[in-house]
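Only one structure is covered here, and it is reproduced in the block below.
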Amino acid sequence: MSNEIAKYIDHTLLAPNATSKDVSKLCKDAAEHGFYAVCVNPHFVKLCKKELGNAKVHVATVVGFPLGSNTTEVKAFETQRAIADGADEIDMVINIGALKEGNISYVKDEIKAIVKAAGDHPVKVIIECDYLNEEEKVACCHACIEAGAFMIKTSTGFAKDGKGATVDDVKLMRRTIGTNKLAIKASAGIRDYAGAKALIDAGATRLGTSAGVAILKGIATAGAY
């Protein structure tokens with residue numbers, strides 16, 4: 001059923017050349033198809049709240065996007081400003097360089113700071129799997145759990161030659177998380193129904209994609225979910 005998979009989708013538009021007209025259409029599509037959320041750059045949060053009105057669609061925005069190299073203080077301010085503008089959820093990018101040099105304590109402390117800045121608003125932590133080895137992905141899962149994040153997210157979609165979300169990465173996260181409550185968002189490179197279903201079956205609880213409408217049309221063609 002289209003409604004079953006629609007509730008997993010963060011309908012996403014993060015292109016640097018996106019216009020207000022594009023974002024308005026994103027919101028219209030999200031409301032029409034019953035997607036869980038739209039995910040946009042911070043500049044468009046207020047517009048999304050206005051366009052969505054009473055529709056049961058959340059507004060997510062990104063922090064430290066797409067590189068993750070801003071200071072913690074800047075990311076915390078971005079978070080507070082986004083929430084003041086109406087954001088319901090925050091998708092933050094970790095400091096990937098800090099992780100690569102083994103400074104997992106910095107990564108964990110930064111996640112804690114953003115969780116604190118977000119208050120009762122869910123924080124999704126983008127770890128950019130394309131740049132990480134298995135050990136680093138596992139370390140990120142533990143950091144998210146210990147820092148009180150709501151969800152761990154595979155990708156920004158901006159990694160050069162990146163694969164984006166993969167079934168193997170989602171399975172690794174699910175095994176690592178175990179009985180902890182950390183949720184998983186598979187994001188980037190999800191272009192059709194088969195790919196979306198495979199990620200959900202692997203353990204993803206949310207999908208970040210700009211192809212949500214096409215995925216739903218694929219469901220209609222495939223028959224059921």
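Residues are named by chain letter and number: chains run A, B, ... in the order of the structure tokens, numbers start at 1 in each chain, and ligands are numbered from 1 in the order shown.
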
Sel. of strand (DSSP E or B) residues, segment 121-224 of chain A, as a list in words: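 Filtering segment 121-224 of chain A down to strand (DSSP E or B) leaves Val123, Lys124, Val125, Ile126, Met151, Ile152, Lys153, Ala183, Ile184, Lys185, Ala186, Ser187, Arg206, Leu207, Gly208 and Thr209 of chain A.
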
For the residues selected in the previous step, produce a file with N, CA and C atoms as an mmCIF file, in the first residue's frame.
data_model
loop_
_atom_site.group_PDB
_atom_site.id
_atom_site.type_symbol
_atom_site.label_atom_id
_atom_site.label_comp_id
_atom_site.auth_asym_id
_atom_site.auth_seq_id
_atom_site.Cartn_x
_atom_site.Cartn_y
_atom_site.Cartn_z
ATOM 1 N N VAL A 123 16.753 14.762 16.855
ATOM 2 C CA VAL A 123 18.002 15.010 16.123
ATOM 3 C C VAL A 123 18.414 13.748 15.389
ATOM 4 N N LYS A 124 18.591 13.887 14.077
ATOM 5 C CA LYS A 124 19.102 12.807 13.238
ATOM 6 C C LYS A 124 20.563 13.118 12.920
ATOM 7 N N VAL A 125 21.434 12.148 13.090
ATOM 8 C CA VAL A 125 22.875 12.370 12.966
ATOM 9 C C VAL A 125 23.386 11.750 11.663
ATOM 10 N N ILE A 126 23.830 12.604 10.748
ATOM 11 C CA ILE A 126 24.336 12.141 9.450
ATOM 12 C C ILE A 126 25.820 11.810 9.589
ATOM 13 N N MET A 151 18.062 9.478 15.905
ATOM 14 C CA MET A 151 18.208 8.671 14.699
ATOM 15 C C MET A 151 19.613 8.839 14.134
ATOM 16 N N ILE A 152 20.152 7.787 13.537
ATOM 17 C CA ILE A 152 21.408 7.858 12.801
ATOM 18 C C ILE A 152 21.073 7.780 11.313
ATOM 19 N N LYS A 153 21.776 8.558 10.517
ATOM 20 C CA LYS A 153 21.438 8.710 9.102
ATOM 21 C C LYS A 153 22.669 8.409 8.257
ATOM 22 N N ALA A 183 16.943 5.065 16.049
ATOM 23 C CA ALA A 183 16.319 4.734 14.771
ATOM 24 C C ALA A 183 17.326 4.954 13.637
ATOM 25 N N ILE A 184 16.972 4.492 12.442
ATOM 26 C CA ILE A 184 17.879 4.545 11.296
ATOM 27 C C ILE A 184 17.194 5.225 10.118
ATOM 28 N N LYS A 185 17.882 6.228 9.553
ATOM 29 C CA LYS A 185 17.409 6.859 8.327
ATOM 30 C C LYS A 185 18.382 6.533 7.198
ATOM 31 N N ALA A 186 17.885 5.840 6.194
ATOM 32 C CA ALA A 186 18.656 5.575 4.987
ATOM 33 C C ALA A 186 18.415 6.726 4.022
ATOM 34 N N SER A 187 19.508 7.317 3.538
ATOM 35 C CA SER A 187 19.358 8.518 2.729
ATOM 36 C C SER A 187 20.366 8.530 1.585
ATOM 37 N N ARG A 206 13.268 5.242 8.420
ATOM 38 C CA ARG A 206 12.968 6.449 7.658
ATOM 39 C C ARG A 206 13.812 6.428 6.387
ATOM 40 N N LEU A 207 13.290 7.017 5.317
ATOM 41 C CA LEU A 207 13.995 7.108 4.048
ATOM 42 C C LEU A 207 14.098 8.563 3.630
ATOM 43 N N GLY A 208 15.300 9.021 3.322
ATOM 44 C CA GLY A 208 15.493 10.355 2.785
ATOM 45 C C GLY A 208 15.684 10.265 1.287
ATOM 46 N N THR A 209 14.755 10.828 0.527
ATOM 47 C CA THR A 209 14.822 10.698 -0.924
ATOM 48 C C THR A 209 14.105 11.851 -1.608
#

Got a sec: who's within 12 Å of segment 19-24 of chain A, counting only C-alpha atoms, leaving out chain neighbours fewer than 2 positions off, as a PyMOL selection string? chain A and resi 11-17+26-31+38-53+59+210

Go through A:Asn70, A:Thr79, A:Asn54, A:Thr154 and flag the residue nearest Thr205 of chain A, using only C-alpha atoms for the distances.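 Selected residue with least distance to Thr205 of chain A: A:Thr154.
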
Considering only alpha helix (DSSP H) as DSSP defines it on the backbone, what residues of segment 86-129 of chain A qualify? List them as a compact mmCIF listing (two decimals) with N, CA and C atoms, in the first residue's frame.
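Okay, selection22.txt is ready:
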# COMPACT_ATOMS: atom_id res chain seq x y z
N ILE A 96 33.35 14.88 10.27
CA ILE A 96 33.89 13.64 9.71
C ILE A 96 35.40 13.56 9.91
N GLY A 97 36.08 14.69 9.78
CA GLY A 97 37.53 14.70 9.97
C GLY A 97 37.92 14.30 11.38
N ALA A 98 37.16 14.79 12.36
CA ALA A 98 37.44 14.43 13.75
C ALA A 98 37.28 12.93 13.95
N LEU A 99 36.26 12.36 13.36
CA LEU A 99 36.07 10.92 13.47
C LEU A 99 37.21 10.16 12.82
N LYS A 100 37.62 10.60 11.62
CA LYS A 100 38.66 9.89 10.88
C LYS A 100 39.99 9.89 11.63
N ILE A 104 36.64 10.32 18.63
CA ILE A 104 35.22 10.00 18.77
C ILE A 104 34.58 10.78 19.92
N SER A 105 35.38 11.18 20.91
CA SER A 105 34.84 11.96 22.02
C SER A 105 34.35 13.32 21.53
N TYR A 106 35.06 13.92 20.57
CA TYR A 106 34.61 15.19 20.00
C TYR A 106 33.26 14.99 19.30
N VAL A 107 33.18 13.93 18.52
CA VAL A 107 31.95 13.64 17.79
C VAL A 107 30.79 13.46 18.76
N LYS A 108 31.01 12.67 19.79
CA LYS A 108 29.94 12.42 20.77
C LYS A 108 29.54 13.69 21.50
N ASP A 109 30.53 14.48 21.92
CA ASP A 109 30.22 15.72 22.64
C ASP A 109 29.46 16.70 21.75
N GLU A 110 29.80 16.73 20.46
CA GLU A 110 29.10 17.63 19.55
C GLU A 110 27.65 17.19 19.37
N ILE A 111 27.43 15.90 19.22
CA ILE A 111 26.06 15.40 19.10
C ILE A 111 25.27 15.77 20.36
N LYS A 112 25.88 15.60 21.52
CA LYS A 112 25.23 15.98 22.78
C LYS A 112 24.83 17.46 22.76
N ALA A 113 25.72 18.30 22.26
CA ALA A 113 25.46 19.73 22.23
C ALA A 113 24.28 20.07 21.33
N ILE A 114 24.18 19.38 20.21
CA ILE A 114 23.07 19.64 19.28
C ILE A 114 21.77 19.08 19.85
N VAL A 115 21.84 17.92 20.48
CA VAL A 115 20.65 17.36 21.14
C VAL A 115 20.14 18.33 22.21
N LYS A 116 21.07 18.90 22.97
CA LYS A 116 20.68 19.87 24.00
C LYS A 116 20.06 21.11 23.37
N ALA A 117 20.67 21.62 22.30
CA ALA A 117 20.16 22.82 21.63
C ALA A 117 18.77 22.56 21.03
N ALA A 118 18.53 21.32 20.63
CA ALA A 118 17.26 20.99 19.98
C ALA A 118 16.12 20.78 20.97

Any idea what's packed within 8 Å of segment 195-199 of chain A, counting only C-alpha atoms, ignoring anything in its chain fewer than 5 positions away? Could you give it as a list in words?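 Selected residues are Thr166, Val167, Val170, Ala186, Ile190, Ala204, Leu207 and Ile215 of chain A.
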